[in-house]
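Novice: TSV, C-alpha atoms (C1' of nucleotides), saved as model-v3.tsv, coming up:
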chain	number	residue	atom	x	y	z
A	1	MET	CA	94.05	96.17	99.88
A	2	LYS	CA	93.12	99.77	100.11
A	3	LEU	CA	90.03	101.82	99.68
A	4	GLY	CA	90.45	105.17	98.00
A	5	ASP	CA	90.10	108.40	99.93
A	6	GLY	CA	87.10	109.18	97.79
A	7	VAL	CA	84.96	106.75	99.75
A	8	GLU	CA	85.31	108.67	102.95
A	9	GLN	CA	84.69	111.97	101.21
A	10	ALA	CA	81.62	110.61	99.48
A	11	ILE	CA	80.11	109.25	102.67
A	12	HIS	CA	80.67	112.48	104.55
A	13	SER	CA	79.25	114.44	101.67
A	14	VAL	CA	76.12	112.34	101.61
A	15	GLY	CA	75.85	112.82	105.33
A	16	MET	CA	76.03	116.55	104.89
A	17	LEU	CA	73.47	116.54	102.11
A	18	ALA	CA	71.21	114.64	104.43
A	19	GLY	CA	71.13	117.66	106.69
A	20	LEU	CA	69.69	120.18	104.32
A	21	SER	CA	66.04	121.08	104.30
A	22	GLU	CA	63.38	120.17	101.81
A	23	GLY	CA	64.11	121.61	98.39
A	24	GLY	CA	67.60	122.77	99.31
A	25	VAL	CA	70.78	121.94	97.43
A	26	LEU	CA	74.51	122.29	98.03
A	27	SER	CA	77.13	123.00	95.40
A	28	ALA	CA	80.11	120.73	94.94
A	29	ALA	CA	82.42	123.61	95.72
A	30	ALA	CA	80.75	124.18	99.09
A	31	LEU	CA	80.95	120.49	99.93
A	32	ALA	CA	84.62	120.36	99.05
A	33	GLU	CA	85.44	123.48	101.00
A	34	PHE	CA	83.69	122.27	104.12
A	35	HIS	CA	85.63	119.04	104.11
A	36	GLY	CA	88.86	120.64	103.02
A	37	VAL	CA	89.37	118.38	100.03
A	38	SER	CA	90.05	118.87	96.36
A	39	THR	CA	87.02	120.13	94.49
A	40	SER	CA	87.87	118.29	91.29
A	41	TYR	CA	88.31	115.03	93.04
A	42	LEU	CA	85.15	115.31	95.04
A	43	LEU	CA	83.30	116.29	91.89
A	44	LYS	CA	84.35	113.08	90.26
A	45	HIS	CA	82.84	111.03	93.03
A	46	LEU	CA	79.73	113.13	93.26
A	47	GLN	CA	79.21	112.39	89.60
A	48	SER	CA	79.57	108.69	90.34
A	49	LEU	CA	77.00	109.02	93.08
A	50	SER	CA	74.79	110.84	90.66
A	51	SER	CA	75.08	108.11	88.04
A	52	ALA	CA	74.27	105.56	90.69
A	53	GLY	CA	71.08	107.40	91.58
A	54	ILE	CA	72.15	108.16	95.12
A	55	VAL	CA	72.22	111.92	94.74
A	56	ALA	CA	70.36	114.10	92.28
A	57	THR	CA	71.61	117.25	90.64
A	58	VAL	CA	70.06	120.59	89.89
A	59	PRO	CA	71.84	122.30	87.02
A	60	GLY	CA	72.28	125.97	86.43
A	61	PRO	CA	73.08	128.79	88.78
A	62	LYS	CA	71.66	128.13	92.21
A	63	GLY	CA	72.09	124.51	91.32
A	64	GLY	CA	73.85	121.79	93.24
A	65	TYR	CA	73.33	118.39	94.77
A	66	ARG	CA	70.67	116.87	96.93
A	67	LEU	CA	69.85	113.34	97.96
A	68	ALA	CA	67.82	111.29	95.54
A	69	ARG	CA	66.23	109.11	98.20
A	70	PRO	CA	65.49	109.18	101.92
A	71	THR	CA	68.46	108.60	104.20
A	72	ASP	CA	67.19	105.24	105.40
A	73	LYS	CA	67.28	104.00	101.81
A	74	ILE	CA	70.98	104.78	101.30
A	75	THR	CA	73.44	102.26	102.68
A	76	LEU	CA	77.18	102.49	103.04
A	77	LEU	CA	77.41	99.69	100.52
A	78	ASP	CA	75.59	101.76	97.92
A	79	ILE	CA	78.14	104.51	98.28
A	80	VAL	CA	81.17	102.25	98.35
A	81	LEU	CA	80.05	100.45	95.21
A	82	ALA	CA	79.27	103.69	93.43
A	83	VAL	CA	82.68	105.14	94.18
A	84	GLU	CA	84.95	102.11	94.01
A	85	GLY	CA	83.12	100.17	91.36
A	86	PRO	CA	81.29	96.88	91.71
A	87	GLN	CA	84.24	94.60	91.10
A	88	PRO	CA	85.18	92.35	93.98
A	89	ALA	CA	88.56	92.97	95.59
A	90	PHE	CA	89.77	89.47	94.90
A	91	ARG	CA	90.03	88.68	91.22
A	92	CYS	CA	90.85	85.10	90.55
A	93	ALA	CA	93.32	85.03	87.68
A	94	GLU	CA	92.94	81.27	87.40
A	95	ILE	CA	96.60	80.65	87.76
A	96	ARG	CA	95.64	77.02	88.20
A	97	GLN	CA	95.30	76.90	84.46
A	98	ARG	CA	98.59	78.58	83.77
A	99	GLY	CA	102.05	77.24	83.77
A	100	PRO	CA	103.52	74.41	81.74
A	101	ASN	CA	101.34	71.50	80.81
A	102	PRO	CA	98.02	73.15	81.54
A	103	LEU	CA	95.04	70.91	81.82
A	104	PRO	CA	92.16	71.39	79.39
A	105	GLY	CA	89.53	73.85	80.50
A	106	ARG	CA	86.91	71.22	81.19
A	107	TYR	CA	88.70	70.42	84.41
A	108	PHE	CA	87.99	73.91	85.62
A	109	THR	CA	84.29	74.33	85.12
A	110	LYS	CA	83.78	75.12	88.77
A	111	PRO	CA	85.48	78.13	90.31
A	112	CYS	CA	88.26	76.98	92.56
A	113	GLY	CA	87.66	76.75	96.27
A	114	ILE	CA	90.03	79.59	96.96
A	115	ASN	CA	88.05	81.94	94.78
A	116	ALA	CA	84.81	80.77	96.35
A	117	ALA	CA	86.10	81.35	99.85
A	118	MET	CA	87.45	84.79	99.07
A	119	LEU	CA	84.26	85.87	97.37
A	120	LYS	CA	82.18	84.53	100.19
A	121	ALA	CA	84.15	86.63	102.64
A	122	GLU	CA	83.61	89.63	100.46
A	123	LYS	CA	79.93	88.88	100.39
A	124	VAL	CA	79.61	89.05	104.15
A	125	TYR	CA	81.66	92.23	104.07
A	126	ARG	CA	79.20	93.81	101.71
A	127	ALA	CA	76.26	92.47	103.62
A	128	GLU	CA	77.60	94.15	106.71
A	129	LEU	CA	78.00	97.43	104.90
A	130	ALA	CA	74.48	97.13	103.55
A	131	LYS	CA	73.17	96.98	107.10
A	132	THR	CA	74.19	100.52	107.90
A	133	THR	CA	72.23	103.38	106.39
A	134	ILE	CA	72.94	107.06	106.37
A	135	ALA	CA	70.02	107.46	108.74
A	136	ASP	CA	71.81	105.15	111.18
A	137	ILE	CA	74.99	107.17	110.95
A	138	ARG	CA	73.16	110.38	111.62
A	139	GLY	CA	71.28	108.80	114.47
A	140	ASP	CA	74.48	107.65	116.12
A	141	LEU	CA	76.07	111.02	115.67
A	142	ALA	CA	73.11	112.83	117.19
A	143	ALA	CA	73.19	110.46	120.14
A	144	THR	CA	76.83	111.08	121.00
A	145	ASP	CA	77.25	114.65	119.89
A	146	ASP	CA	77.07	117.26	122.59
A	147	GLY	CA	75.87	119.78	120.07
A	148	GLY	CA	79.12	121.24	118.80
A	149	ILE	CA	79.46	119.17	115.70
A	150	ALA	CA	75.85	119.60	114.69
A	151	ALA	CA	76.11	123.33	115.28
A	152	ARG	CA	79.01	123.68	112.93
A	153	GLY	CA	77.15	121.75	110.26
A	154	CYS	CA	74.06	123.85	110.66
A	155	ALA	CA	76.02	127.07	110.53
A	156	PHE	CA	77.60	125.97	107.31
A	157	LEU	CA	74.28	124.99	105.83
A	158	GLU	CA	72.83	128.37	106.77
A	159	LEU	CA	75.51	130.02	104.69
A	160	ASN	CA	75.58	127.71	101.71
A	161	GLU	CA	72.27	126.02	101.33
A	162	ARG	CA	70.31	127.13	98.31
A	163	LYS	CA	66.61	126.89	97.90
A	164	THR	CA	65.41	125.85	94.53
A	165	ALA	CA	62.20	127.24	93.16
A	166	ALA	CA	59.79	124.39	93.11
A	167	ARG	CA	59.92	120.73	92.30
B	1	MET	CA	89.45	98.28	96.38
B	2	LYS	CA	91.72	95.70	94.98
B	3	LEU	CA	93.77	92.86	96.32
B	4	GLY	CA	97.17	92.32	94.73
B	5	ASP	CA	97.80	89.38	92.48
B	6	GLY	CA	100.31	88.17	95.00
B	7	VAL	CA	97.54	86.99	97.29
B	8	GLU	CA	96.28	84.45	94.84
B	9	GLN	CA	99.77	83.26	94.06
B	10	ALA	CA	100.60	82.93	97.73
B	11	ILE	CA	97.49	80.90	98.51
B	12	HIS	CA	98.03	78.55	95.63
B	13	SER	CA	101.66	78.15	96.58
B	14	VAL	CA	100.74	77.27	100.12
B	15	GLY	CA	98.22	74.82	98.76
B	16	MET	CA	100.89	73.18	96.70
B	17	LEU	CA	103.33	73.04	99.59
B	18	ALA	CA	100.62	71.30	101.56
B	19	GLY	CA	100.78	68.45	99.08
B	20	LEU	CA	104.34	67.41	99.60
B	21	SER	CA	105.30	64.57	101.85
B	22	GLU	CA	106.95	64.69	105.23
B	23	GLY	CA	110.38	66.22	105.06
B	24	GLY	CA	110.01	67.36	101.46
B	25	VAL	CA	110.59	70.89	100.20
B	26	LEU	CA	109.94	72.79	97.01
B	27	SER	CA	112.10	75.53	95.55
B	28	ALA	CA	110.67	78.95	94.79
B	29	ALA	CA	111.61	78.50	91.16
B	30	ALA	CA	109.57	75.32	90.90
B	31	LEU	CA	106.58	76.96	92.55
B	32	ALA	CA	106.74	79.88	90.16
B	33	GLU	CA	107.12	77.70	87.12
B	34	PHE	CA	104.17	75.53	88.02
B	35	HIS	CA	101.91	78.54	88.38
B	36	GLY	CA	103.37	80.34	85.42
B	37	VAL	CA	104.19	83.52	87.34
B	38	SER	CA	107.26	85.63	87.82
B	39	THR	CA	109.79	83.97	90.05
B	40	SER	CA	111.04	87.19	91.58
B	41	TYR	CA	107.61	88.38	92.44
B	42	LEU	CA	106.54	85.12	93.97
B	43	LEU	CA	109.79	85.10	95.90
B	44	LYS	CA	108.88	88.39	97.51
B	45	HIS	CA	105.63	87.01	98.80
B	46	LEU	CA	107.17	83.76	99.89
B	47	GLN	CA	109.54	85.78	102.00
B	48	SER	CA	106.56	87.56	103.53
B	49	LEU	CA	105.01	84.21	104.32
B	50	SER	CA	108.29	83.14	105.79
B	51	SER	CA	108.50	86.20	108.03
B	52	ALA	CA	104.96	85.56	109.15
B	53	GLY	CA	105.85	82.05	110.18
B	54	ILE	CA	103.52	80.38	107.71
B	55	VAL	CA	106.20	78.67	105.68
B	56	ALA	CA	109.69	77.63	106.65
B	57	THR	CA	112.80	77.71	104.50
B	58	VAL	CA	115.65	75.33	104.00
B	59	PRO	CA	118.70	77.02	102.51
B	60	GLY	CA	121.37	75.54	100.36
B	61	PRO	CA	121.18	73.08	97.53
B	62	LYS	CA	118.26	70.72	97.93
B	63	GLY	CA	116.72	73.53	99.85
B	64	GLY	CA	113.37	75.19	99.39
B	65	TYR	CA	110.12	75.93	101.17
B	66	ARG	CA	107.82	73.85	103.26
B	67	LEU	CA	104.91	74.63	105.53
B	68	ALA	CA	105.73	75.70	109.04
B	69	ARG	CA	102.51	74.39	110.54
B	70	PRO	CA	99.82	71.83	109.78
B	71	THR	CA	97.34	72.83	107.10
B	72	ASP	CA	94.46	73.12	109.52
B	73	LYS	CA	96.38	75.79	111.40
B	74	ILE	CA	96.81	78.05	108.37
B	75	THR	CA	93.85	80.23	107.47
B	76	LEU	CA	93.27	82.35	104.41
B	77	LEU	CA	93.37	85.37	106.68
B	78	ASP	CA	96.88	84.50	107.78
B	79	ILE	CA	98.04	84.52	104.19
B	80	VAL	CA	96.17	87.66	103.18
B	81	LEU	CA	97.53	89.60	106.13
B	82	ALA	CA	101.05	88.35	105.51
B	83	VAL	CA	101.00	89.40	101.87
B	84	GLU	CA	98.90	92.55	101.94
B	85	GLY	CA	99.85	93.82	105.34
B	86	PRO	CA	97.69	94.21	108.41
B	87	GLN	CA	96.31	97.67	107.67
B	88	PRO	CA	92.56	97.87	107.23
B	89	ALA	CA	91.31	98.83	103.79
B	90	PHE	CA	89.40	101.82	105.08
B	91	ARG	CA	91.59	104.47	106.60
B	92	CYS	CA	89.63	107.27	108.18
B	93	ALA	CA	91.42	110.52	107.38
B	94	GLU	CA	89.21	112.40	109.82
B	95	ILE	CA	88.09	114.87	107.24
B	96	ARG	CA	85.51	115.91	109.79
B	97	GLN	CA	88.27	117.88	111.40
B	98	ARG	CA	89.47	119.49	108.22
B	99	GLY	CA	88.20	122.43	106.29
B	100	PRO	CA	87.75	125.99	107.44
B	101	ASN	CA	86.79	126.66	111.01
B	102	PRO	CA	87.69	123.25	112.37
B	103	LEU	CA	86.39	122.40	115.79
B	104	PRO	CA	88.88	121.68	118.53
B	105	GLY	CA	89.95	118.09	118.83
B	106	ARG	CA	88.02	117.44	122.01
B	107	TYR	CA	84.87	117.18	119.97
B	108	PHE	CA	86.31	114.19	118.19
B	109	THR	CA	87.47	111.93	120.96
B	110	LYS	CA	85.33	109.09	119.67
B	111	PRO	CA	85.94	107.69	116.21
B	112	CYS	CA	83.19	108.76	113.90
B	113	GLY	CA	80.34	106.39	113.21
B	114	ILE	CA	81.38	106.03	109.61
B	115	ASN	CA	84.77	104.73	110.58
B	116	ALA	CA	83.25	102.40	113.12
B	117	ALA	CA	80.84	100.95	110.60
B	118	MET	CA	83.49	100.47	107.96
B	119	LEU	CA	85.88	98.80	110.35
B	120	LYS	CA	83.16	96.57	111.69
B	121	ALA	CA	82.44	95.37	108.17
B	122	GLU	CA	86.09	94.68	107.68
B	123	LYS	CA	86.12	92.73	110.90
B	124	VAL	CA	83.46	90.33	109.72
B	125	TYR	CA	85.32	90.05	106.44
B	126	ARG	CA	88.44	88.94	108.22
B	127	ALA	CA	86.50	86.69	110.52
B	128	GLU	CA	85.07	84.96	107.49
B	129	LEU	CA	88.52	84.52	105.99
B	130	ALA	CA	89.78	83.14	109.28
B	131	LYS	CA	87.15	80.42	109.11
B	132	THR	CA	88.69	78.79	106.06
B	133	THR	CA	91.90	76.84	106.45
B	134	ILE	CA	94.16	75.35	103.84
B	135	ALA	CA	92.97	71.97	104.99
B	136	ASP	CA	89.41	73.00	104.10
B	137	ILE	CA	90.48	74.14	100.66
B	138	ARG	CA	92.23	70.88	99.99
B	139	GLY	CA	89.28	68.93	101.29
B	140	ASP	CA	86.89	70.74	98.97
B	141	LEU	CA	89.18	70.24	96.04
B	142	ALA	CA	89.52	66.52	96.71
B	143	ALA	CA	85.75	66.21	96.96
B	144	THR	CA	85.03	67.82	93.61
B	145	ASP	CA	88.06	66.81	91.64
B	146	ASP	CA	87.69	63.83	89.36
B	147	GLY	CA	91.35	63.09	89.68
B	148	GLY	CA	92.81	65.13	86.87
B	149	ILE	CA	93.85	68.14	88.87
B	150	ALA	CA	95.31	66.10	91.68
B	151	ALA	CA	97.17	63.97	89.18
B	152	ARG	CA	98.86	66.95	87.64
B	153	GLY	CA	99.88	68.22	91.06
B	154	CYS	CA	101.27	64.85	92.06
B	155	ALA	CA	103.17	64.48	88.83
B	156	PHE	CA	104.75	67.85	89.38
B	157	LEU	CA	105.66	67.01	92.94
B	158	GLU	CA	107.23	63.77	91.78
B	159	LEU	CA	109.53	65.74	89.58
B	160	ASN	CA	110.37	68.62	91.87
B	161	GLU	CA	109.97	67.56	95.43
B	162	ARG	CA	113.17	67.26	97.33
B	163	LYS	CA	113.73	65.23	100.39
B	164	THR	CA	115.80	66.86	103.03
B	165	ALA	CA	118.02	64.72	105.14
B	166	ALA	CA	116.62	65.15	108.57
B	167	ARG	CA	115.22	68.01	110.51
C	1	DG	C1'	138.04	59.67	106.22
C	2	DC	C1'	138.49	64.55	106.15
C	3	DG	C1'	138.89	69.37	104.73
C	4	DG	C1'	138.10	72.78	101.48
C	5	DA	C1'	136.21	74.50	97.04
C	6	DA	C1'	132.25	74.80	94.21
C	7	DA	C1'	127.50	74.82	93.38
C	8	DT	C1'	122.89	75.75	94.81
C	9	DA	C1'	119.28	78.25	97.03
C	10	DC	C1'	117.46	81.59	100.03
C	11	DT	C1'	117.85	86.75	101.71
C	12	DC	C1'	118.14	91.34	100.91
C	13	DG	C1'	118.55	95.58	98.47
C	14	DG	C1'	118.05	98.34	94.58
C	15	DA	C1'	116.42	99.48	89.71
C	16	DT	C1'	112.73	99.61	86.28
C	17	DA	C1'	108.08	99.37	84.14
C	18	DT	C1'	103.27	99.41	84.56
C	19	DT	C1'	99.10	100.55	86.77
C	20	DC	C1'	96.18	103.15	89.71
C	21	DC	C1'	95.04	107.16	92.52
C	22	DG	C1'	94.65	111.95	93.40
C	23	DT	C1'	94.59	116.39	91.23
C	24	DG	C1'	94.04	120.02	88.06
C	25	DT	C1'	92.39	121.89	83.70
C	26	DC	C1'	89.59	122.38	79.79
C	27	DC	C1'	85.41	122.42	77.16
C	28	DG	C1'	80.41	121.42	76.51
C	29	DA	C1'	75.50	121.57	78.01
C	30	DG	C1'	71.91	123.46	80.46
C	31	DT	C1'	69.49	126.82	83.33
C	32	DA	C1'	68.41	131.12	86.16
C	33	DG	C1'	68.86	135.61	86.44
C	34	DA	C1'	70.33	140.06	84.46
C	35	DC	C1'	70.38	143.00	80.74
C	36	DC	C1'	69.10	145.08	76.66
C	37	DT	C1'	66.04	146.44	73.09
C	38	DG	C1'	61.79	147.62	70.92
C	39	DG	C1'	57.20	148.99	71.32
D	1	DC	C1'	57.10	151.71	81.49
D	2	DC	C1'	56.77	147.03	80.16
D	3	DA	C1'	57.45	142.62	77.53
D	4	DG	C1'	60.11	139.78	75.13
D	5	DG	C1'	64.35	138.04	73.60
D	6	DT	C1'	69.17	137.71	74.40
D	7	DC	C1'	73.27	137.44	76.99
D	8	DT	C1'	75.96	136.20	80.71
D	9	DA	C1'	77.16	133.82	84.84
D	10	DC	C1'	77.13	129.76	87.22
D	11	DT	C1'	76.33	124.97	87.73
D	12	DC	C1'	77.12	119.98	86.62
D	13	DG	C1'	79.05	116.40	83.11
D	14	DG	C1'	82.72	114.45	80.93
D	15	DA	C1'	87.38	114.10	78.71
D	16	DC	C1'	92.17	114.77	79.01
D	17	DA	C1'	96.84	115.51	81.11
D	18	DC	C1'	100.07	115.15	84.77
D	19	DG	C1'	102.70	113.81	88.99
D	20	DG	C1'	103.21	110.58	92.47
D	21	DA	C1'	102.37	106.38	94.98
D	22	DA	C1'	101.75	101.60	94.88
D	23	DT	C1'	102.18	97.43	92.40
D	24	DA	C1'	104.60	94.10	89.54
D	25	DT	C1'	108.99	92.61	87.59
D	26	DC	C1'	113.71	91.96	87.23
D	27	DC	C1'	118.61	91.85	88.47
D	28	DG	C1'	122.67	91.61	91.28
D	29	DA	C1'	125.37	91.00	95.63
D	30	DG	C1'	125.63	88.45	99.86
D	31	DT	C1'	125.24	84.41	102.86
D	32	DA	C1'	124.44	79.81	104.30
D	33	DT	C1'	124.53	74.99	103.42
D	34	DT	C1'	125.13	70.87	100.91
D	35	DT	C1'	127.74	68.29	97.75
D	36	DC	C1'	131.72	66.76	95.76
D	37	DC	C1'	136.50	66.38	94.83
D	38	DG	C1'	141.21	65.90	96.13
D	39	DC	C1'	144.42	64.46	99.49
Show me this structure written as structure tokens.

Specialist:
Amino acid sequence: MKLGDGVEQAIHSVGMLAGLSEGGVLSAAALAEFHGVSTSYLLKHLQSLSSAGIVATVPGPKGGYRLARPTDKITLLDIVLAVEGPQPAFRCAEIRQRGPNPLPGRYFTKPCGINAAMLKAEKVYRAELAKTTIADIRGDLAATDDGGIAARGCAFLELNERKTAAR
Amino acid sequence: MKLGDGVEQAIHSVGMLAGLSEGGVLSAAALAEFHGVSTSYLLKHLQSLSSAGIVATVPGPKGGYRLARPTDKITLLDIVLAVEGPQPAFRCAEIRQRGPNPLPGRYFTKPCGINAAMLKAEKVYRAELAKTTIADIRGDLAATDDGGIAARGCAFLELNERKTAAR
DNA sequence: GCGGAAATACTCGGATATTCCGTGTCCGAGTAGACCTGG
DNA sequence: CCAGGTCTACTCGGACACGGAATATCCGAGTATTTCCGC
């Protein structure tokens, strides 16, 4: 039971992208450098986020990433699913049906109670994640930050943000 | 984000142990054979369950495993934690503090909002798992089963259950 | 009836294979800006 | 000098390769307990 490191990186990256101004983009290299993580690895997840329609890309020089939707329309669940895949953590292998003398399949038309219970738990887990948006995260941060953290982010954006022509 | 196969095996094994009569035990080999899984691997998880105080062991010939508590005192969470370990799935690596020009640690006394949100989701996940006991699972099964599944289980127990002398 | 040997079953540790994660590298596609060439 | 095309640099997108960690599997040695046999 473990979530990959990519989830954390992806969420922080989205949070950073949320801070740039209208029409601005950030390159994957800048994102990776700011967080001190591997560029290749972050790139992989950014591409997942891109496929999922969470971030949008601007190709070419002066290109990079920006958010594809407003921050209050991006939930933690969206990001987790994009990075980790949509499969539930508990995969029922139906070991009920294995072993010697297996019963015919018609006895197992309904998913077993164990599977149902595990999936239900996962459902509430996801529902909880879906409650929190990037806007919420940024709101909380702004409320508790004394200014230092935001200042560092802004300074970095000053240096690395790129304005794209139009759009 | 994946739970090991051992979780399913462990839950089913506990469910099977719940079916034996007072004073009866089942060997690990029998459990593994019934579910059609590797004996050694199941053994590993049974030992985890044993360490966690969920099942009890009886050594020697005619020995085996039995439940250590009544079925309504064993939750799915107990089993998942025993098999997968107590660590949360989301481990915050504090990448906020990484990268060039990191801020001093005093800016990060509070866990970041991302971590808090992820852990909160995991908390409700576990709470949901804790709501379901083995007794519930067995009750649901009995309610939906037309008799075939229970019959197979009973037949197997007939063959493999062992009565231990006393206590 | 009693004591000891043998058999059985769990416990623990290590060894091996398979899968997944994290990382790096390479090549392809597309675009913006620079450069070069011709008038 | 200017306009147009071309060329290059830089970006993302995707595939592949590799090492290492975690998972899944297996095997053997050790220990405890019951059973059984011999006395």

Novice: Check every residue of chain C for an atom within 12 Å of chain A, counting only C-alpha atoms (C1' of nucleotides), and provide those that qualify as a list in words.

Specialist: DC20, DC21, DG22, DT23, DG24, DT25, DA29, DG30, DT31, DA32 and DG33 of chain C

Novice: Using only C-alpha atoms, which residues of chain A come within 6 Å of chain B, and what is the closest atom pair for each, with the distance in Å to one decimal? Give it as a Markdown table, sorted by chain and residue number.

Specialist:
| residue | atom | partner | partner_atom | distance |
| --- | --- | --- | --- | --- |
| A:Met1 | CA | B:Leu3 | CA | 4.9 |
| A:Lys2 | CA | B:Ala89 | CA | 4.2 |
| A:Leu3 | CA | B:Met1 | CA | 4.9 |
| A:Phe34 | CA | B:Gly99 | CA | 5.0 |
| A:His35 | CA | B:Gly99 | CA | 4.8 |
| A:Gly36 | CA | B:Gly99 | CA | 3.8 |
| A:Ala89 | CA | B:Lys2 | CA | 4.2 |
| A:Phe90 | CA | B:Leu3 | CA | 5.4 |
| A:Ile95 | CA | B:His35 | CA | 5.7 |
| A:Arg98 | CA | B:Gly36 | CA | 5.4 |
| A:Gly99 | CA | B:Gly36 | CA | 3.8 |
| A:Gly113 | CA | B:Ile137 | CA | 5.8 |
| A:Ala121 | CA | B:Glu128 | CA | 5.2 |
| A:Tyr125 | CA | B:Tyr125 | CA | 4.9 |
| A:Glu128 | CA | B:Ala121 | CA | 5.2 |
| A:Leu129 | CA | B:Ala121 | CA | 5.9 |
| A:Ile137 | CA | B:Gly113 | CA | 5.9 |

Novice: One number please: CA of Ile79 (chain A) to C1' of DC12 (chain D), in Å, one decimal.

Specialist: 19.4 Å

Novice: Rank B:Ala18, B:Ala28, B:Leu43, B:Leu49 by their smallest atom-to-atom distance to chain D, using only C-alpha atoms (C1' of nucleotides), and report the top residue only.

Specialist: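 Nearest candidate to chain D out of B:Ala18, B:Ala28, B:Leu43, B:Leu49: B:Leu43.
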
Novice: Identify every residue of chain D that has at least one atom within 10 Å of any atom of chain B, counting only C-alpha atoms (C1' of nucleotides), and report the result as a VMD selection string.

Specialist: chain D and resid 23 to 27 31 to 35

Novice: Would you compute, for all listed atoms of region 10-23 of chain C, the axis-aligned bounding box grown by 8 Å on each side, and then report its centre and edge lengths in Å rounded to one decimal, as lines of an AutoDock Vina configuration file?

Specialist:
center_x = 106.6
center_y = 99.0
center_z = 92.9
size_x = 40.0
size_y = 50.8
size_z = 33.6

Novice: Fewer than 5 positions away in the same chain doesn't count, so skip those; otherwise give me all residues within 12 Å of DG38 (chain C), counting all atoms listed in the file, as a list in words.

Specialist: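 Answer for this query is DC2, DA3, DG4 and DG5 of chain D.
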
Novice: Where atoms are absent from region 8-22 of chain A, fill them in so it carries N, CA and C atoms, then output it as a PDB file, keeping the file's coordinate frame.

Specialist:
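The result, written out as rebuild-v9.pdb:
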ATOM      1  N   GLU A   8      85.596 107.903 101.731  1.00  0.00           N
ATOM      2  CA  GLU A   8      85.310 108.670 102.950  1.00  0.00           C
ATOM      3  C   GLU A   8      84.678 110.013 102.599  1.00  0.00           C
ATOM      4  N   GLN A   9      85.223 110.676 101.611  1.00  0.00           N
ATOM      5  CA  GLN A   9      84.690 111.970 101.210  1.00  0.00           C
ATOM      6  C   GLN A   9      83.239 111.836 100.758  1.00  0.00           C
ATOM      7  N   ALA A  10      82.978 110.784 100.000  1.00  0.00           N
ATOM      8  CA  ALA A  10      81.620 110.610  99.480  1.00  0.00           C
ATOM      9  C   ALA A  10      80.637 110.376 100.617  1.00  0.00           C
ATOM     10  N   ILE A  11      81.026 109.552 101.574  1.00  0.00           N
ATOM     11  CA  ILE A  11      80.110 109.250 102.670  1.00  0.00           C
ATOM     12  C   ILE A  11      79.825 110.517 103.483  1.00  0.00           C
ATOM     13  N   HIS A  12      80.870 111.247 103.776  1.00  0.00           N
ATOM     14  CA  HIS A  12      80.670 112.480 104.550  1.00  0.00           C
ATOM     15  C   HIS A  12      79.819 113.475 103.767  1.00  0.00           C
ATOM     16  N   SER A  13      80.033 113.517 102.478  1.00  0.00           N
ATOM     17  CA  SER A  13      79.250 114.440 101.670  1.00  0.00           C
ATOM     18  C   SER A  13      77.784 114.067 101.691  1.00  0.00           C
ATOM     19  N   VAL A  14      77.517 112.780 101.555  1.00  0.00           N
ATOM     20  CA  VAL A  14      76.120 112.340 101.610  1.00  0.00           C
ATOM     21  C   VAL A  14      75.536 112.675 102.975  1.00  0.00           C
ATOM     22  N   GLY A  15      76.327 112.484 103.998  1.00  0.00           N
ATOM     23  CA  GLY A  15      75.850 112.820 105.330  1.00  0.00           C
ATOM     24  C   GLY A  15      75.506 114.284 105.471  1.00  0.00           C
ATOM     25  N   MET A  16      76.309 115.107 104.833  1.00  0.00           N
ATOM     26  CA  MET A  16      76.030 116.550 104.890  1.00  0.00           C
ATOM     27  C   MET A  16      74.783 116.893 104.080  1.00  0.00           C
ATOM     28  N   LEU A  17      74.659 116.283 102.935  1.00  0.00           N
ATOM     29  CA  LEU A  17      73.470 116.540 102.110  1.00  0.00           C
ATOM     30  C   LEU A  17      72.201 116.119 102.854  1.00  0.00           C
ATOM     31  N   ALA A  18      72.376 115.120 103.694  1.00  0.00           N
ATOM     32  CA  ALA A  18      71.210 114.640 104.430  1.00  0.00           C
ATOM     33  C   ALA A  18      70.681 115.711 105.391  1.00  0.00           C
ATOM     34  N   GLY A  19      71.537 116.666 105.706  1.00  0.00           N
ATOM     35  CA  GLY A  19      71.130 117.660 106.690  1.00  0.00           C
ATOM     36  C   GLY A  19      70.386 118.852 106.131  1.00  0.00           C
ATOM     37  N   LEU A  20      70.338 118.972 104.824  1.00  0.00           N
ATOM     38  CA  LEU A  20      69.690 120.180 104.320  1.00  0.00           C
ATOM     39  C   LEU A  20      68.181 119.995 104.216  1.00  0.00           C
ATOM     40  N   SER A  21      67.497 121.122 104.202  1.00  0.00           N
ATOM     41  CA  SER A  21      66.040 121.080 104.300  1.00  0.00           C
ATOM     42  C   SER A  21      65.396 120.787 102.952  1.00  0.00           C
ATOM     43  N   GLU A  22      64.143 120.537 103.001  1.00  0.00           N
ATOM     44  CA  GLU A  22      63.380 120.170 101.810  1.00  0.00           C
ATOM     45  C   GLU A  22      63.574 121.198 100.695  1.00  0.00           C
TER      46      GLU A  22
END
